[in-house]
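Asker: Contents of model_33.tsv (TSV, C-alpha atoms) are given next:
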chain	number	residue	atom	x	y	z
A	692	MET	CA	86.61	63.15	105.64
A	693	GLN	CA	88.63	62.48	108.78
A	694	ILE	CA	91.61	64.79	109.23
A	695	ASP	CA	95.04	63.13	109.16
A	696	TYR	CA	96.86	65.18	111.79
A	697	ARG	CA	100.26	63.76	110.90
A	698	LEU	CA	99.77	65.03	107.36
A	699	VAL	CA	98.55	68.38	108.72
A	700	ALA	CA	101.71	68.60	110.82
A	701	LEU	CA	103.81	67.95	107.71
A	702	LEU	CA	101.90	70.58	105.74
A	703	ALA	CA	102.39	73.03	108.60
A	704	GLY	CA	106.15	72.43	108.53
A	705	LEU	CA	106.31	72.81	104.75
A	706	THR	CA	104.19	75.97	104.91
A	707	ALA	CA	106.33	77.48	107.68
A	708	LEU	CA	109.61	76.90	105.81
A	709	GLY	CA	109.24	80.09	103.75
A	710	PRO	CA	108.46	82.46	106.66
A	711	PHE	CA	111.15	80.79	108.77
A	712	ALA	CA	113.79	81.21	106.05
A	713	LEU	CA	112.73	84.82	105.57
A	714	GLN	CA	112.83	85.86	109.23
A	715	ILE	CA	115.98	84.01	110.28
A	716	LEU	CA	118.15	86.22	108.05
A	717	ALA	CA	117.60	89.73	109.46
A	718	PRO	CA	119.68	89.46	112.69
A	719	ALA	CA	122.61	88.05	110.69
A	720	LEU	CA	122.85	90.87	108.14
A	721	PRO	CA	125.47	92.97	110.00
A	722	ALA	CA	127.74	89.93	110.40
A	723	ALA	CA	127.26	89.04	106.73
A	724	ALA	CA	128.19	92.59	105.67
A	725	ARG	CA	131.39	92.47	107.73
A	726	ASP	CA	132.41	89.03	106.53
A	727	LEU	CA	131.74	89.75	102.86
A	728	GLU	CA	133.23	93.25	103.17
A	729	VAL	CA	130.20	95.06	101.75
A	730	SER	CA	128.03	97.92	102.96
A	731	ALA	CA	124.95	97.38	105.09
A	732	GLY	CA	122.79	98.51	102.14
A	733	ALA	CA	124.36	95.92	99.87
A	734	ALA	CA	123.89	93.17	102.46
A	735	GLN	CA	120.23	94.23	102.76
A	736	LEU	CA	119.74	92.89	99.22
A	737	LEU	CA	119.81	89.41	100.73
A	738	LEU	CA	116.52	90.27	102.42
A	739	SER	CA	114.79	92.63	99.99
A	740	LEU	CA	115.43	90.54	96.87
A	741	SER	CA	114.15	87.43	98.62
A	742	LEU	CA	110.73	89.09	99.02
A	743	ALA	CA	110.70	89.77	95.27
A	744	ALA	CA	111.66	86.13	94.63
A	745	MET	CA	108.79	84.96	96.83
A	746	ALA	CA	106.28	87.21	95.07
A	747	VAL	CA	107.33	85.91	91.64
A	748	THR	CA	107.62	82.21	92.43
A	749	THR	CA	104.34	82.27	94.32
A	750	LEU	CA	102.75	82.77	90.90
A	751	ILE	CA	104.60	79.78	89.47
A	752	TRP	CA	104.23	76.96	91.98
A	753	GLY	CA	100.43	76.87	91.99
A	754	PRO	CA	99.84	76.61	88.22
A	755	LEU	CA	102.75	74.18	87.90
A	756	SER	CA	101.12	71.93	90.51
A	757	ASP	CA	97.84	72.04	88.57
A	758	ARG	CA	99.75	70.57	85.61
A	759	LEU	CA	102.29	68.21	87.22
A	760	GLY	CA	100.64	67.44	90.56
A	761	ARG	CA	101.07	68.78	94.08
A	762	ARG	CA	103.56	66.14	95.30
A	763	PRO	CA	106.34	66.46	92.66
A	764	VAL	CA	106.15	70.26	92.67
A	765	MET	CA	106.31	70.40	96.48
A	766	LEU	CA	109.35	68.12	96.46
A	767	MET	CA	110.93	70.27	93.76
A	768	GLY	CA	110.39	73.46	95.77
A	769	VAL	CA	111.91	72.07	98.98
A	770	ALA	CA	114.85	70.62	97.04
A	771	ILE	CA	115.53	74.04	95.49
A	772	ALA	CA	115.35	75.63	98.95
A	773	LEU	CA	117.90	73.07	100.18
A	774	LEU	CA	120.21	73.75	97.23
A	775	GLY	CA	119.93	77.52	97.69
A	776	SER	CA	120.70	77.24	101.40
A	777	LEU	CA	123.85	75.24	100.69
A	778	ILE	CA	125.01	77.73	98.04
A	779	ALA	CA	124.49	80.67	100.41
A	780	ALA	CA	126.22	78.88	103.29
A	781	LEU	CA	129.32	78.33	101.14
A	782	ALA	CA	129.19	81.62	99.20
A	783	PRO	CA	132.57	83.36	98.80
A	784	THR	CA	130.99	86.64	97.65
A	785	LEU	CA	127.80	88.63	98.14
A	786	GLU	CA	126.69	87.89	94.57
A	787	VAL	CA	126.85	84.13	95.15
A	788	ALA	CA	125.11	84.52	98.52
A	789	ILE	CA	122.30	86.47	96.81
A	790	LEU	CA	121.95	83.71	94.21
A	791	GLY	CA	121.65	81.13	96.96
A	792	ARG	CA	119.22	83.29	98.88
A	793	LEU	CA	116.99	83.75	95.82
A	794	LEU	CA	116.88	79.98	95.28
A	795	GLN	CA	116.23	79.40	98.97
A	796	ALA	CA	113.37	81.91	99.19
A	797	GLY	CA	111.81	80.97	95.86
A	798	GLY	CA	111.85	77.27	96.68
A	799	ALA	CA	110.81	77.55	100.31
A	800	ILE	CA	107.66	79.49	99.47
A	801	ALA	CA	106.27	76.51	97.53
A	802	GLY	CA	105.07	75.04	100.82
A	803	MET	CA	102.93	78.09	101.59
A	804	VAL	CA	101.32	78.04	98.15
A	805	LEU	CA	100.76	74.31	97.84
A	806	GLY	CA	99.75	73.77	101.46
A	807	ARG	CA	96.55	75.72	100.80
A	808	ALA	CA	95.84	73.83	97.58
A	809	ILE	CA	96.48	70.43	99.20
A	810	ALA	CA	94.19	71.29	102.13
A	811	HIS	CA	91.45	72.22	99.66
A	812	ASP	CA	92.01	69.05	97.62
A	813	LEU	CA	91.64	66.84	100.70
A	814	TYR	CA	89.06	68.57	102.87
A	815	GLY	CA	86.95	70.87	100.69
A	816	ARG	CA	85.76	74.40	101.43
A	817	ASP	CA	84.74	74.18	105.09
A	818	GLY	CA	87.10	71.40	106.16
A	819	SER	CA	90.12	73.15	104.70
A	820	ALA	CA	89.40	76.26	106.79
A	821	ALA	CA	89.98	74.26	109.99
A	822	VAL	CA	93.18	72.72	108.60
A	823	LEU	CA	94.44	76.06	107.34
A	824	GLY	CA	93.81	77.55	110.76
A	825	GLN	CA	96.17	75.00	112.34
A	826	ILE	CA	98.73	75.49	109.57
A	827	THR	CA	98.56	79.27	109.94
A	828	ALA	CA	99.17	78.94	113.68
A	829	VAL	CA	102.53	77.32	112.92
A	830	MET	CA	103.27	80.12	110.47
A	831	VAL	CA	102.86	82.57	113.36
A	832	ILE	CA	105.31	80.62	115.54
A	833	ALA	CA	107.99	80.33	112.84
A	834	PRO	CA	108.70	84.10	112.50
A	835	MET	CA	108.74	84.35	116.32
A	836	VAL	CA	111.32	81.59	116.78
A	837	ALA	CA	113.50	82.37	113.76
A	838	PRO	CA	115.06	85.70	114.91
A	839	THR	CA	115.86	84.30	118.36
A	840	LEU	CA	117.46	81.21	116.84
A	841	SER	CA	119.38	83.41	114.40
A	842	GLY	CA	120.77	85.51	117.23
A	843	LEU	CA	121.96	82.40	119.06
A	844	ILE	CA	123.57	80.95	115.93
A	845	VAL	CA	125.34	84.18	114.97
A	846	GLY	CA	126.48	84.66	118.56
A	847	GLN	CA	128.03	81.19	118.69
A	848	GLY	CA	129.52	81.06	115.22
A	849	ASP	CA	129.06	83.11	112.08
A	850	TRP	CA	126.24	84.23	109.84
A	851	ARG	CA	126.58	81.22	107.53
A	852	GLY	CA	125.20	79.05	110.31
A	853	ILE	CA	121.69	80.34	109.63
A	854	PHE	CA	121.83	78.93	106.10
A	855	TRP	CA	123.09	75.60	107.43
A	856	ALA	CA	120.09	75.62	109.81
A	857	VAL	CA	117.63	76.21	106.96
A	858	ALA	CA	119.42	73.56	104.88
A	859	PHE	CA	119.02	71.06	107.73
A	860	LEU	CA	115.33	71.87	108.14
A	861	SER	CA	114.79	71.68	104.36
A	862	ALA	CA	116.46	68.26	104.24
A	863	LEU	CA	114.24	66.94	107.05
A	864	LEU	CA	111.10	68.22	105.34
A	865	LEU	CA	112.19	66.86	101.98
A	866	VAL	CA	112.62	63.36	103.41
A	867	ALA	CA	109.33	63.57	105.34
A	868	ALA	CA	107.44	64.81	102.27
A	869	ALA	CA	108.93	62.08	100.08
A	870	ILE	CA	107.66	59.50	102.58
A	871	ARG	CA	104.34	60.96	103.74
A	872	LEU	CA	102.99	63.42	101.18
A	873	PRO	CA	100.38	61.92	98.81
A	874	GLU	CA	99.29	63.27	95.47
A	875	THR	CA	96.08	65.21	96.06
A	876	ALA	CA	95.41	67.11	92.82
A	877	PRO	CA	92.08	66.02	91.31
A	878	ARG	CA	92.51	63.63	88.39
A	879	SER	CA	90.35	65.90	86.23
A	880	VAL	CA	92.78	68.77	86.78
A	881	LEU	CA	95.86	66.72	85.88
A	882	ASP	CA	94.22	65.11	82.84
A	883	GLY	CA	93.32	68.54	81.52
A	884	HIS	CA	97.05	69.35	81.15
A	885	GLU	CA	98.26	66.01	79.82
A	886	GLY	CA	100.39	66.24	76.67
A	887	GLU	CA	100.92	70.00	76.84
A	888	SER	CA	104.22	71.55	75.80
A	889	PHE	CA	106.04	73.95	78.12
A	890	LEU	CA	104.95	76.91	75.98
A	891	GLU	CA	101.37	75.74	76.12
A	892	THR	CA	101.68	75.47	79.89
A	893	LEU	CA	102.89	79.06	80.09
A	894	ARG	CA	100.02	80.23	77.92
A	895	ASP	CA	97.56	78.24	80.01
A	896	THR	CA	99.04	79.73	83.19
A	897	ALA	CA	98.63	83.27	81.89
A	898	ARG	CA	95.11	82.48	80.75
A	899	GLY	CA	94.35	80.98	84.15
A	900	PHE	CA	95.49	84.10	85.98
A	901	ARG	CA	93.36	86.25	83.67
A	902	GLU	CA	90.33	84.05	84.30
A	903	ILE	CA	90.86	84.05	88.06
A	904	GLY	CA	91.56	87.78	88.12
A	905	ALA	CA	88.24	88.43	86.40
A	906	LEU	CA	86.22	86.62	89.08
A	907	PRO	CA	84.60	88.74	91.80
A	908	ALA	CA	84.17	85.54	93.83
A	909	PHE	CA	87.95	85.14	94.02
A	910	TRP	CA	88.67	88.76	94.95
A	911	ALA	CA	85.91	88.75	97.57
A	912	TYR	CA	88.17	86.46	99.59
A	913	ALA	CA	91.64	87.20	98.22
A	914	GLY	CA	91.11	90.95	98.64
A	915	PHE	CA	90.27	90.46	102.28
A	916	GLY	CA	93.27	88.15	102.76
A	917	VAL	CA	95.61	90.66	101.15
A	918	MET	CA	94.43	93.56	103.31
A	919	SER	CA	94.42	91.49	106.50
A	920	LEU	CA	98.05	90.42	106.04
A	921	SER	CA	98.95	93.99	105.10
A	922	GLY	CA	97.39	95.19	108.35
A	923	PHE	CA	99.39	92.66	110.35
A	924	LEU	CA	102.71	93.53	108.68
A	925	PHE	CA	101.85	97.22	108.99
A	926	PHE	CA	101.81	96.63	112.73
A	927	VAL	CA	105.05	94.61	112.59
A	928	GLY	CA	106.72	97.39	110.60
A	929	ALA	CA	105.80	100.19	113.01
A	930	ALA	CA	105.29	98.60	116.45
A	931	PRO	CA	108.98	98.14	117.40
A	932	PHE	CA	109.58	101.86	116.80
A	933	VAL	CA	106.41	102.81	118.70
A	934	MET	CA	107.50	100.62	121.60
A	935	GLU	CA	110.82	102.45	121.77
A	936	GLU	CA	109.84	106.04	120.98
A	937	ALA	CA	106.36	106.23	122.51
A	938	PHE	CA	106.62	103.74	125.39
A	939	GLY	CA	110.37	103.69	126.11
A	940	ARG	CA	110.58	99.92	125.76
A	941	GLY	CA	113.33	97.93	124.02
A	942	PRO	CA	113.25	94.98	121.59
A	943	THR	CA	113.09	92.39	124.37
A	944	SER	CA	109.91	93.96	125.72
A	945	TYR	CA	108.44	94.12	122.25
A	946	GLY	CA	109.22	90.44	121.71
A	947	LEU	CA	107.41	89.47	124.90
A	948	TRP	CA	104.35	91.56	124.06
A	949	PHE	CA	104.35	90.17	120.50
A	950	MET	CA	104.19	86.64	121.89
A	951	LEU	CA	100.85	87.53	123.52
A	952	MET	CA	99.49	88.66	120.17
A	953	ALA	CA	100.75	85.50	118.50
A	954	ALA	CA	99.07	83.40	121.19
A	955	ALA	CA	95.79	85.26	120.58
A	956	TYR	CA	96.09	84.64	116.84
A	957	MET	CA	96.70	80.94	117.47
A	958	ALA	CA	93.63	80.82	119.71
A	959	GLY	CA	91.54	82.11	116.82
A	960	ASN	CA	93.18	79.59	114.49
A	961	PHE	CA	92.39	76.66	116.71
A	962	ALA	CA	88.78	77.81	117.18
A	963	VAL	CA	88.11	78.46	113.49
A	964	GLY	CA	87.13	74.87	112.68
A	965	ALA	CA	84.37	74.66	115.28
A	966	VAL	CA	83.12	78.19	114.60
A	967	SER	CA	83.10	77.63	110.82
A	968	ARG	CA	81.11	74.43	111.19
A	969	ARG	CA	78.55	76.28	113.29
A	970	LEU	CA	78.29	79.54	111.36
A	971	GLY	CA	79.62	78.64	107.91
A	972	GLY	CA	82.75	79.96	106.26
A	973	ASP	CA	81.49	83.36	105.12
A	974	ARG	CA	79.79	84.26	108.39
A	975	THR	CA	82.89	83.25	110.33
A	976	LEU	CA	85.03	85.44	108.07
A	977	ARG	CA	82.77	88.45	108.64
A	978	PHE	CA	82.48	87.75	112.37
A	979	GLY	CA	86.26	87.60	112.67
A	980	ALA	CA	86.69	90.75	110.59
A	981	VAL	CA	84.30	92.70	112.81
A	982	ILE	CA	86.12	91.51	115.95
A	983	SER	CA	89.42	92.63	114.41
A	984	ILE	CA	88.12	96.10	113.58
A	985	LEU	CA	86.58	96.52	117.04
A	986	GLY	CA	89.90	95.60	118.64
A	987	VAL	CA	91.77	98.26	116.66
A	988	LEU	CA	89.02	100.80	117.39
A	989	VAL	CA	89.57	100.22	121.10
A	990	ALA	CA	93.30	100.89	120.59
A	991	VAL	CA	92.45	104.14	118.75
A	992	VAL	CA	90.19	105.29	121.59
A	993	LEU	CA	92.80	104.48	124.24
A	994	SER	CA	95.47	106.36	122.29
A	995	LEU	CA	93.22	109.39	121.84
A	996	GLY	CA	92.49	109.22	125.56
A	997	GLY	CA	96.19	109.67	126.34
A	998	LEU	CA	96.86	106.18	127.67
A	999	HIS	CA	100.48	105.57	126.60
A	1000	HIS	CA	101.42	102.07	127.69
A	1001	PRO	CA	102.23	98.90	125.71
A	1002	ALA	CA	99.14	97.23	127.14
A	1003	ALA	CA	96.93	99.98	125.67
A	1004	LEU	CA	98.17	98.94	122.23
A	1005	VAL	CA	98.81	95.22	122.52
A	1006	VAL	CA	95.75	94.08	124.49
A	1007	PRO	CA	93.26	95.54	121.95
A	1008	VAL	CA	95.39	94.20	119.11
A	1009	MET	CA	95.17	90.79	120.78
A	1010	LEU	CA	91.42	91.02	120.14
A	1011	GLN	CA	92.22	91.91	116.55
A	1012	SER	CA	94.49	88.86	116.39
A	1013	VAL	CA	91.73	86.52	117.57
A	1014	GLY	CA	89.45	87.91	114.87
A	1015	ALA	CA	92.12	87.49	112.21
A	1016	GLY	CA	92.66	83.91	113.33
A	1017	LEU	CA	88.99	83.25	112.59
A	1018	ALA	CA	88.77	85.24	109.36
A	1019	VAL	CA	92.00	84.65	107.44
A	1020	PRO	CA	91.77	80.83	107.12
A	1021	ASN	CA	88.27	81.24	105.67
A	1022	ALA	CA	89.56	83.87	103.27
A	1023	MET	CA	92.23	81.43	102.07
A	1024	ALA	CA	89.72	78.60	101.77
A	1025	GLY	CA	87.20	80.81	99.97
A	1026	ALA	CA	89.75	82.06	97.44
A	1027	THR	CA	90.81	78.55	96.41
A	1028	ALA	CA	87.23	77.23	96.48
A	1029	ALA	CA	86.15	80.02	94.12
A	1030	VAL	CA	88.20	78.34	91.36
A	1031	PRO	CA	88.39	74.63	92.31
A	1032	GLU	CA	89.72	73.59	88.91
A	1033	ARG	CA	92.62	76.04	89.34
A	1034	ALA	CA	93.10	75.89	93.12
A	1035	GLY	CA	96.88	75.99	92.82
A	1036	ALA	CA	96.86	79.05	90.57
A	1037	ALA	CA	94.32	80.80	92.82
A	1038	SER	CA	96.47	80.15	95.87
A	1039	GLY	CA	99.54	81.41	94.03
A	1040	LEU	CA	97.88	84.60	92.83
A	1041	MET	CA	96.55	85.39	96.29
A	1042	GLY	CA	99.94	84.75	97.88
A	1043	SER	CA	101.78	86.95	95.39
A	1044	CYS	CA	99.37	89.81	95.95
A	1045	GLN	CA	99.77	89.38	99.70
A	1046	PHE	CA	103.56	89.66	99.49
A	1047	LEU	CA	103.49	92.71	97.25
A	1048	ALA	CA	100.83	94.60	99.22
A	1049	ALA	CA	102.28	93.67	102.61
A	1050	GLY	CA	105.73	94.79	101.49
A	1051	ALA	CA	104.33	98.19	100.54
A	1052	ALA	CA	102.44	98.43	103.84
A	1053	THR	CA	105.61	97.66	105.79
A	1054	GLN	CA	107.53	100.39	104.00
A	1055	ILE	CA	104.77	102.94	104.69
A	1056	ALA	CA	104.68	101.91	108.36
A	1057	GLY	CA	108.35	102.78	108.69
A	1058	LEU	CA	107.70	106.34	107.47
A	1059	LEU	CA	105.00	107.17	110.04
A	1060	PRO	CA	105.55	109.20	113.22
A	1061	HIS	CA	106.29	106.76	116.04
A	1062	ASP	CA	106.03	108.99	119.11
A	1063	THR	CA	102.46	107.81	119.61
A	1064	ALA	CA	100.54	104.65	118.74
A	1065	LEU	CA	97.73	106.58	117.01
A	1066	PRO	CA	99.14	106.58	113.43
A	1067	LEU	CA	99.82	102.86	113.71
A	1068	CYS	CA	96.29	102.13	114.92
A	1069	LEU	CA	94.67	104.35	112.29
A	1070	GLY	CA	96.70	102.70	109.54
A	1071	MET	CA	95.61	99.24	110.68
A	1072	LEU	CA	92.01	100.43	110.92
A	1073	VAL	CA	92.06	101.68	107.31
A	1074	LEU	CA	93.55	98.44	105.97
A	1075	LEU	CA	91.24	96.12	107.91
A	1076	GLY	CA	88.18	98.23	107.11
A	1077	ALA	CA	89.08	98.22	103.42
A	1078	GLY	CA	89.45	94.44	103.47
A	1079	LEU	CA	86.02	93.91	104.98
A	1080	ALA	CA	84.46	96.47	102.62
A	1081	VAL	CA	85.95	94.69	99.59
A	1082	HIS	CA	84.63	91.36	100.81
A	1083	LEU	CA	81.13	92.64	101.49
A	1084	TRP	CA	80.94	94.53	98.19
A	1085	LEU	CA	82.18	91.71	95.96
A	1086	SER	CA	80.23	88.99	97.79
A	1087	GLY	CA	77.01	90.96	97.38
A	1088	TRP	CA	76.32	91.03	101.10
A	1089	PRO	CA	73.66	91.08	102.48
A	1090	GLU	CA	71.83	89.82	99.39
A	1091	GLY	CA	74.41	87.02	99.01
A	1092	ARG	CA	75.18	87.01	95.30
A	1093	LEU	CA	77.99	84.54	95.93
A	1094	ALA	CA	77.27	81.13	97.36
A	1095	GLY	CA	78.96	79.94	100.58
Could you show the structure in this file as structure tokens?
Answerer:
Amino acid sequence: MQIDYRLVALLAGLTALGPFALQILAPALPAAARDLEVSAGAAQLLLSLSLAAMAVTTLIWGPLSDRLGRRPVMLMGVAIALLGSLIAALAPTLEVAILGRLLQAGGAIAGMVLGRAIAHDLYGRDGSAAVLGQITAVMVIAPMVAPTLSGLIVGQGDWRGIFWAVAFLSALLLVAAAIRLPETAPRSVLDGHEGESFLETLRDTARGFREIGALPAFWAYAGFGVMSLSGFLFFVGAAPFVMEEAFGRGPTSYGLWFMLMAAAYMAGNFAVGAVSRRLGGDRTLRFGAVISILGVLVAVVLSLGGLHHPAALVVPVMLQSVGAGLAVPNAMAGATAAVPERAGAASGLMGSCQFLAAGAATQIAGLLPHDTALPLCLGMLVLLGAGLAVHLWLSGWPEGRLAG
């Protein structure tokens, strides 16, 4: 099937809404604390609780789309994100701002969940890997742009401007999705839920998660995806401190180096379609995983050799980023393809596990010594190695128990 690049661009925007809304908040937290007359710890709830909201609602949007269809659930999610943004922008107290933030985060994440399911509906196992690679590239750009935009907005006005910005973006995407987004859920999936009560839907959702959770084929891909994202956010959680304490570089320097890594990840994303068609999805995943591990191994060797410079960390991690760009889209595609009749639920379960595990990895990264890059590199190596080991074990490699 020929790829509709205008639809892919829309899916990329809808998928990036959640990460953009998440990352745009952090630079505005001090201003929010001052304006609302609360402590910094209390204002931090705007960020920490939004991660919990994303983890929970990620489990809801997928199964709901299997019952009601991808299009109406996507529109519902973006509309909730718009409503939450408006509430937060007008909030007179921290409690109201938190309510708005929870609605914003919970609604915005629908695009990430349903974008994977829609790509699978339209393009199948191998085709969706190429589309997901392009969508994931936009997801890398969004967290890069959001903090810079937030700083400009807060500098020119007040912290509420960031919520007006997300509200504006949500409104644009809502209109575009209402015009351009088709219904893609297979008719057999929708018919299977026709006439169900809400309670029956909840029971079916719980049953679906149990069925998916019992499938080694799902965890062969989802487990890798979870550990790969955890490795990336482990780096994000520790690298700014390493840049400052080990290399004597400030946040501006870190931002510039991070852009190189993001560019490397995008290069892998844009190449994943051609490589997957040549090697197949599973071989591309393993090839990318090996490249990622080799890149981090180089960083470990350079750190042990006493080379303390940002390039000694970032350049090898750029190789890791290229490998992740090849592997992660195939992990996403494989997880949803493992349960095609519950693609939405599979995408939701994988996403929720990613948020929970990555959140834990980020917290651990902040507790490490940061006077050298070695702990950071070793932590990434453990996470990436565990992800590949889980994939190989559950996929039965090299015998190939699982097809694909």
Asker: Considering only C-alpha atoms, return as a PDB file with C-alpha atoms, in the frame of the given file whatever protein or nucleic-acid residues lie within 9 Å of range 978-988 of chain A, sequence-local ones (same chain, fewer than 4 positions apart) excluded.
Answerer:
ATOM      1  CA  SER A 919      94.420  91.490 106.500  1.00  0.00           C
ATOM      2  CA  GLY A 959      91.540  82.110 116.820  1.00  0.00           C
ATOM      3  CA  ASP A 973      81.490  83.360 105.120  1.00  0.00           C
ATOM      4  CA  ARG A 974      79.790  84.260 108.390  1.00  0.00           C
ATOM      5  CA  VAL A 992      90.190 105.290 121.590  1.00  0.00           C
ATOM      6  CA  LEU A 993      92.800 104.480 124.240  1.00  0.00           C
ATOM      7  CA  LEU A1004      98.170  98.940 122.230  1.00  0.00           C
ATOM      8  CA  VAL A1006      95.750  94.080 124.490  1.00  0.00           C
ATOM      9  CA  PRO A1007      93.260  95.540 121.950  1.00  0.00           C
ATOM     10  CA  VAL A1008      95.390  94.200 119.110  1.00  0.00           C
ATOM     11  CA  MET A1009      95.170  90.790 120.780  1.00  0.00           C
ATOM     12  CA  LEU A1010      91.420  91.020 120.140  1.00  0.00           C
ATOM     13  CA  GLN A1011      92.220  91.910 116.550  1.00  0.00           C
ATOM     14  CA  SER A1012      94.490  88.860 116.390  1.00  0.00           C
ATOM     15  CA  VAL A1013      91.730  86.520 117.570  1.00  0.00           C
ATOM     16  CA  GLY A1014      89.450  87.910 114.870  1.00  0.00           C
ATOM     17  CA  ALA A1015      92.120  87.490 112.210  1.00  0.00           C
ATOM     18  CA  GLY A1016      92.660  83.910 113.330  1.00  0.00           C
ATOM     19  CA  LEU A1017      88.990  83.250 112.590  1.00  0.00           C
ATOM     20  CA  ALA A1018      88.770  85.240 109.360  1.00  0.00           C
ATOM     21  CA  VAL A1019      92.000  84.650 107.440  1.00  0.00           C
ATOM     22  CA  CYS A1068      96.290 102.130 114.920  1.00  0.00           C
ATOM     23  CA  LEU A1069      94.670 104.350 112.290  1.00  0.00           C
ATOM     24  CA  MET A1071      95.610  99.240 110.680  1.00  0.00           C
ATOM     25  CA  LEU A1072      92.010 100.430 110.920  1.00  0.00           C
ATOM     26  CA  LEU A1075      91.240  96.120 107.910  1.00  0.00           C
ATOM     27  CA  GLY A1076      88.180  98.230 107.110  1.00  0.00           C
ATOM     28  CA  GLY A1078      89.450  94.440 103.470  1.00  0.00           C
ATOM     29  CA  LEU A1079      86.020  93.910 104.980  1.00  0.00           C
TER      30      LEU A1079
END
Asker: May I ask for the distance between CA of Pro877 in chain A and CA of Gln825 in chain A, given in Å to one decimal place?
Answerer: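 If I compute the distance from CA of Pro877 in chain A to CA of Gln825 in chain A, I get 23.2 Å.
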Asker: For Pro754 in chain A, find every residue with an atom within 8 Å (counting only C-alpha atoms), except residues of its own chain fewer than 2 positions away, and show them as a count of residues only.
Answerer: 11
Asker: If you count all atoms listed in the file, which residues fall within 12 Å of range 967-972 of chain A, apart from same-chain ones fewer than 6 positions away, as a tab-separated table (two decimals) with C-alpha atoms, keeping the file's coordinate frame?
Answerer:
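Saved to selection_20.tsv:
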chain	number	residue	atom	x	y	z
A	815	GLY	CA	86.95	70.87	100.69
A	816	ARG	CA	85.76	74.40	101.43
A	817	ASP	CA	84.74	74.18	105.09
A	818	GLY	CA	87.10	71.40	106.16
A	819	SER	CA	90.12	73.15	104.70
A	820	ALA	CA	89.40	76.26	106.79
A	821	ALA	CA	89.98	74.26	109.99
A	822	VAL	CA	93.18	72.72	108.60
A	823	LEU	CA	94.44	76.06	107.34
A	824	GLY	CA	93.81	77.55	110.76
A	912	TYR	CA	88.17	86.46	99.59
A	959	GLY	CA	91.54	82.11	116.82
A	960	ASN	CA	93.18	79.59	114.49
A	961	PHE	CA	92.39	76.66	116.71
A	978	PHE	CA	82.48	87.75	112.37
A	979	GLY	CA	86.26	87.60	112.67
A	1016	GLY	CA	92.66	83.91	113.33
A	1017	LEU	CA	88.99	83.25	112.59
A	1018	ALA	CA	88.77	85.24	109.36
A	1019	VAL	CA	92.00	84.65	107.44
A	1020	PRO	CA	91.77	80.83	107.12
A	1021	ASN	CA	88.27	81.24	105.67
A	1022	ALA	CA	89.56	83.87	103.27
A	1023	MET	CA	92.23	81.43	102.07
A	1024	ALA	CA	89.72	78.60	101.77
A	1025	GLY	CA	87.20	80.81	99.97
A	1026	ALA	CA	89.75	82.06	97.44
A	1028	ALA	CA	87.23	77.23	96.48
A	1094	ALA	CA	77.27	81.13	97.36
A	1095	GLY	CA	78.96	79.94	100.58
Asker: Could you pull the residues within 12 Å of Phe909 in chain A, counting only C-alpha atoms, minus those fewer than 5 positions along the same chain, as number ranges by chain?
Answerer: A: 900-904, 914-917, 1022-1031, 1033-1034, 1036-1038, 1040-1041, 1081-1082, 1085-1086, 1093-1094
Asker: Within 9 Å of Ser741 in chain A, counting all atoms listed in the file, which residues qualify if same-chain residues fewer than 2 places away don't, as a PDB file with C-alpha atoms, in the coordinates of the input?
Answerer:
ATOM      1  CA  LEU A 713     112.730  84.820 105.570  1.00  0.00           C
ATOM      2  CA  LEU A 736     119.740  92.890  99.220  1.00  0.00           C
ATOM      3  CA  LEU A 737     119.810  89.410 100.730  1.00  0.00           C
ATOM      4  CA  LEU A 738     116.520  90.270 102.420  1.00  0.00           C
ATOM      5  CA  SER A 739     114.790  92.630  99.990  1.00  0.00           C
ATOM      6  CA  ALA A 743     110.700  89.770  95.270  1.00  0.00           C
ATOM      7  CA  ALA A 744     111.660  86.130  94.630  1.00  0.00           C
ATOM      8  CA  MET A 745     108.790  84.960  96.830  1.00  0.00           C
ATOM      9  CA  ALA A 746     106.280  87.210  95.070  1.00  0.00           C
ATOM     10  CA  ILE A 789     122.300  86.470  96.810  1.00  0.00           C
ATOM     11  CA  ARG A 792     119.220  83.290  98.880  1.00  0.00           C
ATOM     12  CA  LEU A 793     116.990  83.750  95.820  1.00  0.00           C
ATOM     13  CA  LEU A 794     116.880  79.980  95.280  1.00  0.00           C
ATOM     14  CA  GLN A 795     116.230  79.400  98.970  1.00  0.00           C
ATOM     15  CA  ALA A 796     113.370  81.910  99.190  1.00  0.00           C
ATOM     16  CA  GLY A 797     111.810  80.970  95.860  1.00  0.00           C
TER      17      GLY A 797
END
Asker: For Leu755 in chain A, which residue out of A:Leu860, A:Leu805, A:Leu947, A:Leu920 is the nearest one, using only C-alpha atoms?
Answerer: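 Closest to Leu755 in chain A, using only C-alpha atoms: A:Leu805.
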Asker: Emit as JSON the padded axis-aligned box for all listed atoms of range 767-771 of chain A, 3 Å per side, with centre and edge lengths in Å to one decimal.
Answerer:
{"center_x": 113.0, "center_y": 72.2, "center_z": 96.4, "size_x": 11.1, "size_y": 9.8, "size_z": 11.2}
Asker: Go ahead and compute the interatomic distance for CA of Ile870 in chain A and CA of Tyr696 in chain A, in Å to one decimal.
Answerer: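 Spanning CA of Ile870 in chain A to CA of Tyr696 in chain A is a straight-line distance of 15.3 Å.
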Asker: To one decimal place in Å, what is the distance between CA of Leu740 in chain A and CA of Ala782 in chain A?
Answerer: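 Going from CA of Leu740 in chain A over to CA of Ala782 in chain A covers 16.6 Å.
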Asker: Select, from A:Ala712, A:Ala1002, A:Val699, A:Ala801, the residue with the minimum atom-to-atom distance to Pro838 in chain A, counting all atoms listed in the file.
Answerer: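 Distance minimum relative to Pro838 in chain A lands on A:Ala712.
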